[in-house]
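*Asks:* My structure file target_9.txt, compact mmCIF, C-alpha atoms, is below:
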```
# COMPACT_ATOMS: atom_id res chain seq x y z
CA ALA A 215 139.62 -11.39 81.08
CA ASP A 216 139.09 -10.17 84.62
CA THR A 217 141.99 -7.91 85.58
CA MET A 218 141.19 -8.24 89.28
CA HIS A 219 141.52 -12.03 89.10
CA MET A 220 144.71 -11.73 87.07
CA ALA A 221 146.17 -9.26 89.57
CA ARG A 222 145.41 -11.60 92.47
CA LEU A 223 147.24 -14.42 90.69
CA TRP A 224 150.18 -12.11 90.06
CA ASP A 225 150.37 -10.87 93.67
CA ALA A 226 148.02 -12.20 96.34
CA SER A 227 149.56 -10.10 99.12
CA ARG A 228 148.91 -6.56 97.87
CA LYS A 229 148.12 -4.13 100.67
CA VAL A 230 146.86 -1.36 98.36
CA GLY A 231 144.05 -3.45 96.91
CA TYR A 232 143.07 -4.55 93.43
CA SER A 233 140.95 -1.66 92.23
CA LEU A 234 141.24 -0.61 88.62
CA GLU A 235 142.43 2.79 89.75
CA ALA A 236 145.28 1.42 91.87
CA LEU A 237 146.38 -1.17 89.30
CA THR A 238 146.40 1.12 86.26
CA THR A 239 148.27 3.81 88.17
CA GLU A 240 150.94 1.38 89.35
CA LEU A 241 151.37 -0.99 86.41
CA VAL A 242 150.73 1.12 83.30
CA ASN A 243 151.36 4.61 84.75
CA ARG A 244 147.88 5.66 83.79
CA ARG A 245 145.76 7.20 86.51
CA LYS A 246 142.07 6.30 86.44
CA VAL A 247 140.27 9.55 87.16
CA PRO A 248 137.33 9.03 89.56
CA MET A 249 133.90 9.95 88.18
CA LYS A 250 133.26 12.40 91.01
CA GLU A 251 136.42 14.29 90.09
CA ILE A 252 135.03 14.95 86.59
CA PHE A 253 131.27 15.04 87.04
CA GLY A 254 130.82 15.70 90.75
CA VAL A 255 128.61 18.59 91.85
CA PRO A 256 128.96 20.15 95.33
CA LYS A 257 125.93 19.69 97.55
CA LEU A 258 124.45 23.04 98.43
CA LYS A 259 124.17 24.11 102.02
CA LYS A 260 120.98 25.57 103.47
CA ASP A 261 122.24 29.07 102.67
CA GLY A 262 122.75 28.11 99.02
CA THR A 263 126.54 28.02 99.06
CA PRO A 264 128.49 24.93 97.87
CA GLY A 265 129.36 22.45 100.61
CA LYS A 266 132.21 19.95 100.94
CA THR A 267 130.03 16.95 100.05
CA VAL A 268 130.25 16.08 96.35
CA LEU A 269 127.28 14.41 94.66
CA LEU A 270 127.34 12.41 91.43
CA PRO A 271 124.45 13.08 89.02
CA PRO A 272 122.52 10.05 87.67
CA VAL A 273 124.53 8.18 85.03
CA ASP A 274 121.73 8.36 82.44
CA LYS A 275 121.85 12.16 82.66
CA LEU A 276 125.63 12.18 82.27
CA GLN A 277 125.28 10.00 79.17
CA THR A 278 122.53 12.01 77.47
CA SER A 279 123.01 15.63 78.53
CA PRO A 280 124.66 17.75 75.80
CA LEU A 281 126.74 19.41 78.52
CA THR A 282 128.29 16.21 79.89
CA ARG A 283 128.05 13.67 77.04
CA PRO A 284 131.39 14.62 75.39
CA ASP A 285 133.22 14.30 78.71
CA TRP A 286 131.37 11.03 79.40
CA ILE A 287 132.54 9.56 76.08
CA ARG A 288 136.14 10.60 76.76
CA TYR A 289 135.92 9.16 80.28
CA SER A 290 134.52 5.84 79.02
CA VAL A 291 137.09 5.47 76.24
CA TYR A 292 139.96 6.34 78.60
CA ASP A 293 138.65 3.80 81.11
CA ALA A 294 138.31 1.04 78.52
CA GLN A 295 141.73 1.73 77.06
CA GLY A 296 143.30 1.70 80.52
CA THR A 297 141.67 -1.66 81.26
CA TRP A 298 143.03 -3.08 77.98
CA LEU A 299 146.55 -1.86 78.74
CA LEU A 300 146.32 -3.29 82.24
CA TYR A 301 145.24 -6.65 80.83
CA GLN A 302 148.25 -6.72 78.49
CA GLU A 303 150.63 -5.88 81.34
CA LEU A 304 149.18 -8.49 83.70
CA LYS A 305 149.21 -11.09 80.95
CA SER A 306 152.94 -10.55 80.35
CA ARG A 307 153.63 -10.74 84.09
CA LEU A 308 151.69 -14.00 84.48
CA GLN A 309 153.46 -15.44 81.45
CA ALA A 310 156.76 -14.76 83.22
CA MET A 311 155.66 -16.84 86.22
CA PRO A 312 156.18 -20.63 85.84
CA TRP A 313 153.36 -22.99 86.76
CA GLN A 314 154.00 -26.66 85.85
CA ASP A 315 154.95 -28.86 82.90
CA GLY A 316 156.52 -25.92 81.09
CA LEU A 317 153.35 -23.85 81.39
CA ASP A 318 153.00 -20.46 83.03
CA MET A 319 150.46 -18.81 85.32
CA TYR A 320 148.62 -17.27 82.39
CA HIS A 321 147.84 -20.83 81.27
CA PHE A 322 146.59 -21.47 84.81
CA TYR A 323 144.39 -18.40 84.57
CA GLU A 324 142.98 -19.46 81.21
CA LYS A 325 142.34 -23.01 82.43
CA TYR A 326 140.72 -22.27 85.81
CA TRP A 327 140.11 -18.64 86.69
CA ARG A 328 138.73 -17.34 83.41
CA PRO A 329 135.94 -19.97 83.29
CA PHE A 330 135.27 -19.23 86.96
CA GLY A 331 134.90 -15.52 86.19
CA GLU A 332 132.53 -16.28 83.31
CA LEU A 333 130.48 -18.48 85.62
CA LEU A 334 130.15 -15.61 88.09
CA THR A 335 128.94 -13.21 85.40
CA ASP A 336 126.46 -15.84 84.14
CA MET A 337 125.11 -16.20 87.69
CA GLU A 338 124.76 -12.44 88.04
CA ARG A 339 123.01 -12.21 84.69
CA ALA A 340 120.59 -15.09 85.34
CA GLY A 341 119.97 -14.32 89.00
CA VAL A 342 118.94 -16.74 91.72
CA HIS A 343 115.45 -18.19 92.06
CA VAL A 344 113.72 -17.18 95.28
CA ASP A 345 110.40 -18.51 96.53
CA ALA A 346 108.96 -15.09 97.31
CA ALA A 347 105.55 -16.45 98.31
CA THR A 348 106.63 -18.65 101.22
CA LYS A 349 110.35 -18.96 101.95
CA LEU A 350 111.32 -15.30 101.62
CA PRO A 351 108.84 -14.01 104.25
CA ALA A 352 109.85 -16.85 106.59
CA ALA A 353 113.53 -16.02 106.09
CA GLN A 354 112.81 -12.39 106.90
CA VAL A 355 111.02 -13.31 110.12
CA GLN A 356 113.91 -15.58 111.13
CA ALA A 357 116.51 -12.91 110.30
CA MET A 358 114.70 -10.31 112.40
CA ALA A 359 114.40 -12.76 115.29
CA ASP A 360 118.13 -13.54 115.08
CA ARG A 361 118.91 -9.83 114.98
CA ASP A 362 116.80 -9.13 118.07
CA LYS A 363 118.42 -12.02 119.90
CA ALA A 364 121.92 -10.79 119.08
CA GLU A 365 120.97 -7.25 120.09
CA LEU A 366 119.67 -8.48 123.44
CA VAL A 367 122.93 -10.32 124.10
CA PHE A 368 124.88 -7.16 123.29
CA ARG A 369 122.71 -4.94 125.51
CA ARG A 370 123.08 -7.32 128.44
CA TRP A 371 126.84 -7.35 128.00
CA ALA A 372 127.16 -3.58 127.54
CA SER A 373 124.89 -2.70 130.48
CA GLY A 374 127.09 -4.87 132.70
CA TYR A 375 129.81 -2.24 132.24
CA CYS A 376 127.60 0.83 131.93
CA PRO A 377 123.94 0.48 133.01
CA GLN A 378 122.81 3.29 130.71
CA ALA A 379 124.25 1.41 127.73
CA TRP A 380 121.06 -0.68 127.80
CA TYR A 381 119.28 2.25 126.13
CA MET A 382 121.96 3.11 123.56
CA ASN A 383 121.43 3.13 119.82
CA ILE A 384 123.64 0.28 118.72
CA GLY A 385 123.44 1.54 115.14
CA SER A 386 125.22 4.74 116.14
CA SER A 387 128.95 4.60 115.39
CA SER A 388 129.67 7.45 117.80
CA GLN A 389 127.90 5.67 120.68
CA ILE A 390 129.66 2.38 119.93
CA GLN A 391 132.98 4.24 119.70
CA THR A 392 132.47 5.89 123.10
CA LEU A 393 131.44 2.61 124.72
CA LEU A 394 134.33 0.54 123.36
CA PHE A 395 137.14 3.07 122.94
CA GLY A 396 136.35 6.07 125.17
CA GLY A 397 139.59 7.40 126.64
CA ALA A 398 141.78 5.73 124.01
CA THR A 399 144.15 7.54 121.67
CA LYS A 400 143.32 7.44 117.97
CA GLN A 401 145.69 5.50 115.76
CA ARG A 402 148.15 7.73 113.88
CA SER A 403 146.96 10.68 115.95
CA SER A 404 147.48 12.20 119.37
CA GLU A 405 143.76 12.89 119.74
CA VAL A 406 142.17 11.20 122.75
CA LEU A 407 138.60 10.04 122.42
CA PRO A 408 136.29 11.44 125.13
CA LEU A 409 135.83 9.07 128.04
CA ARG A 410 132.21 10.15 128.51
CA ARG A 411 129.64 11.60 126.13
CA THR A 412 125.95 12.42 126.47
CA PHE A 413 123.48 11.10 123.90
CA LYS A 414 119.73 11.38 123.50
CA VAL A 415 118.25 7.87 123.72
CA ASP A 416 114.79 6.38 123.32
CA ARG A 417 114.35 4.93 126.81
CA GLU A 418 110.67 4.08 126.36
CA HIS A 419 111.41 1.82 123.39
CA TYR A 420 113.64 -0.48 125.48
CA GLU A 421 111.88 -0.31 128.86
CA HIS A 422 109.86 -3.47 128.08
CA TRP A 423 112.89 -5.54 127.07
CA ASP A 424 113.93 -8.32 129.42
CA VAL A 425 116.97 -7.00 131.29
CA ALA A 426 117.36 -10.00 133.56
```
Give the structure from this file in structure tokens form.
*Replies:*
Amino acid sequence: ADTMHMARLWDASRKVGYSLEALTTELVNRRKVPMKEIFGVPKLKKDGTPGKTVLLPPVDKLQTSPLTRPDWIRYSVYDAQGTWLLYQELKSRLQAMPWQDGLDMYHFYEKYWRPFGELLTDMERAGVHVDAATKLPAAQVQAMADRDKAELVFRRWASGYCPQAWYMNIGSSSQIQTLLFGGATKQRSSEVLPLRRTFKVDREHYEHWDVA
């Protein structure tokens, strides 16, 4: 069974999501410990001291290294057992929800959603045929053209409010934030975003673009 599908049938309006971690913690009182919490290694700063960023070693190393393999086995078993317990809990909750003709929502799941889930996994396993020789390159060219067109529309709009926005890096979240929300107060905070900020931009790259 797919516990995410079952959880959506049980409650389609959850605001905390349908992750395995959230569901096992709430429904079976069994916290799913994140991998980084067990196996994470702090990224070293330039001076060699541990930083705040936590990196996760490659899974194959966690599985085969004598230092981490015992913990990996315990983690995997705990995870699988938690998923099984969650399935049992969701099954009982769906069985308590009437559907039609004396049947319950677990019957609905078995009839419609379980085959759908199996179809999705079959599609992922088999993959999708792509004509890499002709259609894929053409699709890439079209996608890049569409991207450039959308970027031009955005630059024309943004430069109408701030002429220098024509040269901004639209992939920069900080530049987008300043353009759209500069001077606003952050949600759940009293911090006010700066109204103006100075950024280094590649003016030469965009000088040839049509600004009319």
*Asks:* Go through A:Gly296, A:Pro351, A:Gly396, A:Gly385 one by one, measure the shortest atom-to-atom distance of each to Val242 (chain A) using all atoms listed in the file, and give the residue with the smallest value.
*Replies:* A:Gly296
*Asks:* Between A:Phe413, A:Trp313, A:Tyr232, A:Phe253, which has the minimum distance to Lys325 (chain A) (counting all atoms listed in the file)?
*Replies:*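 Answer, going by the shortest atom-to-atom distance: A:Trp313.
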*Asks:* Within 10 Å of region 235-240 of chain A, which residues of region 270-367 of chain A show up? Give each one with its shortest atom-to-atom distance in Å (one decimal) and the two atoms involved, counting all atoms listed in the file, rows by chain then rising residue number, as a tab-separated table.
*Replies:*
```
residue	atom	partner	partner_atom	distance
A:Asp293	CA	A:Glu235	CA	9.5
A:Gly296	CA	A:Thr238	CA	6.5
A:Thr297	CA	A:Thr238	CA	7.4
A:Trp298	CA	A:Thr238	CA	9.9
A:Leu299	CA	A:Thr238	CA	8.1
A:Leu300	CA	A:Thr238	CA	6.0
A:Tyr301	CA	A:Thr238	CA	9.6
A:Glu303	CA	A:Thr238	CA	9.5
A:Leu304	CA	A:Leu237	CA	9.6
```
*Asks:* Put the listed atoms of region 266-270 of chain A in a box along x, y and z with 3 Å added on every side and give me the centre and edge lengths in Å to one decimal, as AutoDock Vina command-line options.
*Replies:*
```
--center_x 129.7 --center_y 16.2 --center_z 96.2 --size_x 10.9 --size_y 13.5 --size_z 15.5
```
*Asks:* Just the residues within 8 Å of Met218 (chain A), please, counting all atoms listed in the file, with nothing from its chain fewer than 2 positions along; format it as a VMD selection string.
*Replies:* chain A and resid 216 220 to 222 232 to 234
*Asks:* Work out how far CA of Gln309 (chain A) is from CA of Glu324 (chain A), in Å to one decimal.
*Replies:*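 Separation between CA of Glu324 (chain A) and CA of Gln309 (chain A): 11.2 Å.
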*Asks:* Mind giving me the straight-line distance from CA of Ala364 (chain A) to CA of Arg411 (chain A) in Å, one decimal?
*Replies:*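 Result for CA of Ala364 (chain A) versus CA of Arg411 (chain A): 24.7 Å, one decimal.
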*Asks:* Counting all atoms listed in the file, which of A:Leu409, A:Val415, A:Leu223, A:Ala294 gets nearest to Asp318 (chain A)?
*Replies:*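 For Asp318 (chain A), the nearest of the given residues is A:Leu223.
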*Asks:* Quick check, in Å to one decimal: how far apart do CA of Asp274 (chain A) and CA of Gly341 (chain A) lie?
*Replies:* 23.7 Å
*Asks:* Since the input lacks atoms, please generate N, CA, C and O atoms for region 374-391 of chain A and provide them as an mmCIF file, in the frame of the given file.
*Replies:*
```cif
data_model
loop_
_atom_site.group_PDB
_atom_site.id
_atom_site.type_symbol
_atom_site.label_atom_id
_atom_site.label_comp_id
_atom_site.auth_asym_id
_atom_site.auth_seq_id
_atom_site.Cartn_x
_atom_site.Cartn_y
_atom_site.Cartn_z
ATOM 1 N N GLY A 374 126.308 -4.365 131.586
ATOM 2 C CA GLY A 374 127.090 -4.870 132.700
ATOM 3 C C GLY A 374 128.258 -3.955 133.031
ATOM 4 O O GLY A 374 128.750 -3.949 134.163
ATOM 5 N N TYR A 375 128.726 -3.187 132.031
ATOM 6 C CA TYR A 375 129.810 -2.240 132.240
ATOM 7 C C TYR A 375 129.282 -0.831 132.487
ATOM 8 O O TYR A 375 129.856 -0.067 133.256
ATOM 9 N N CYS A 376 128.197 -0.504 131.799
ATOM 10 C CA CYS A 376 127.600 0.830 131.930
ATOM 11 C C CYS A 376 126.090 0.650 131.859
ATOM 12 O O CYS A 376 125.545 0.390 130.785
ATOM 13 N N PRO A 377 125.386 0.751 132.984
ATOM 14 C CA PRO A 377 123.940 0.480 133.010
ATOM 15 C C PRO A 377 123.157 1.250 131.961
ATOM 16 O O PRO A 377 122.214 0.717 131.370
ATOM 17 N N GLN A 378 123.554 2.495 131.684
ATOM 18 C CA GLN A 378 122.810 3.290 130.710
ATOM 19 C C GLN A 378 123.019 2.807 129.278
ATOM 20 O O GLN A 378 122.279 3.204 128.371
ATOM 21 N N ALA A 379 124.007 1.932 129.067
ATOM 22 C CA ALA A 379 124.250 1.410 127.730
ATOM 23 C C ALA A 379 123.093 0.535 127.249
ATOM 24 O O ALA A 379 122.984 0.252 126.061
ATOM 25 N N TRP A 380 122.227 0.125 128.187
ATOM 26 C CA TRP A 380 121.060 -0.680 127.800
ATOM 27 C C TRP A 380 120.184 0.102 126.811
ATOM 28 O O TRP A 380 119.558 -0.480 125.931
ATOM 29 N N TYR A 381 120.171 1.419 126.937
ATOM 30 C CA TYR A 381 119.280 2.250 126.130
ATOM 31 C C TYR A 381 119.965 2.845 124.905
ATOM 32 O O TYR A 381 119.366 3.641 124.192
ATOM 33 N N MET A 382 121.213 2.495 124.654
ATOM 34 C CA MET A 382 121.960 3.110 123.560
ATOM 35 C C MET A 382 121.422 2.673 122.205
ATOM 36 O O MET A 382 120.760 1.642 122.057
ATOM 37 N N ASN A 383 121.735 3.465 121.215
ATOM 38 C CA ASN A 383 121.430 3.130 119.820
ATOM 39 C C ASN A 383 122.622 2.374 119.259
ATOM 40 O O ASN A 383 123.645 2.976 118.941
ATOM 41 N N ILE A 384 122.481 1.072 119.133
ATOM 42 C CA ILE A 384 123.640 0.280 118.720
ATOM 43 C C ILE A 384 123.976 0.486 117.240
ATOM 44 O O ILE A 384 125.005 0.000 116.762
ATOM 45 N N GLY A 385 123.122 1.203 116.520
ATOM 46 C CA GLY A 385 123.440 1.540 115.140
ATOM 47 C C GLY A 385 124.220 2.835 115.009
ATOM 48 O O GLY A 385 124.590 3.234 113.910
ATOM 49 N N SER A 386 124.482 3.479 116.153
ATOM 50 C CA SER A 386 125.220 4.740 116.140
ATOM 51 C C SER A 386 126.710 4.469 116.316
ATOM 52 O O SER A 386 127.149 3.955 117.350
ATOM 53 N N SER A 387 127.501 4.836 115.314
ATOM 54 C CA SER A 387 128.950 4.600 115.390
ATOM 55 C C SER A 387 129.590 5.416 116.516
ATOM 56 O O SER A 387 130.532 4.957 117.166
ATOM 57 N N SER A 388 129.079 6.619 116.753
ATOM 58 C CA SER A 388 129.670 7.450 117.800
ATOM 59 C C SER A 388 129.402 6.870 119.194
ATOM 60 O O SER A 388 130.265 6.922 120.076
ATOM 61 N N GLN A 389 128.207 6.282 119.388
ATOM 62 C CA GLN A 389 127.900 5.670 120.680
ATOM 63 C C GLN A 389 128.719 4.397 120.893
ATOM 64 O O GLN A 389 129.232 4.141 121.988
ATOM 65 N N ILE A 390 128.837 3.596 119.853
ATOM 66 C CA ILE A 390 129.660 2.380 119.930
ATOM 67 C C ILE A 390 131.109 2.759 120.201
ATOM 68 O O ILE A 390 131.805 2.120 121.006
ATOM 69 N N GLN A 391 131.595 3.801 119.523
ATOM 70 C CA GLN A 391 132.980 4.240 119.700
ATOM 71 C C GLN A 391 133.242 4.662 121.137
ATOM 72 O O GLN A 391 134.263 4.315 121.737
#
```
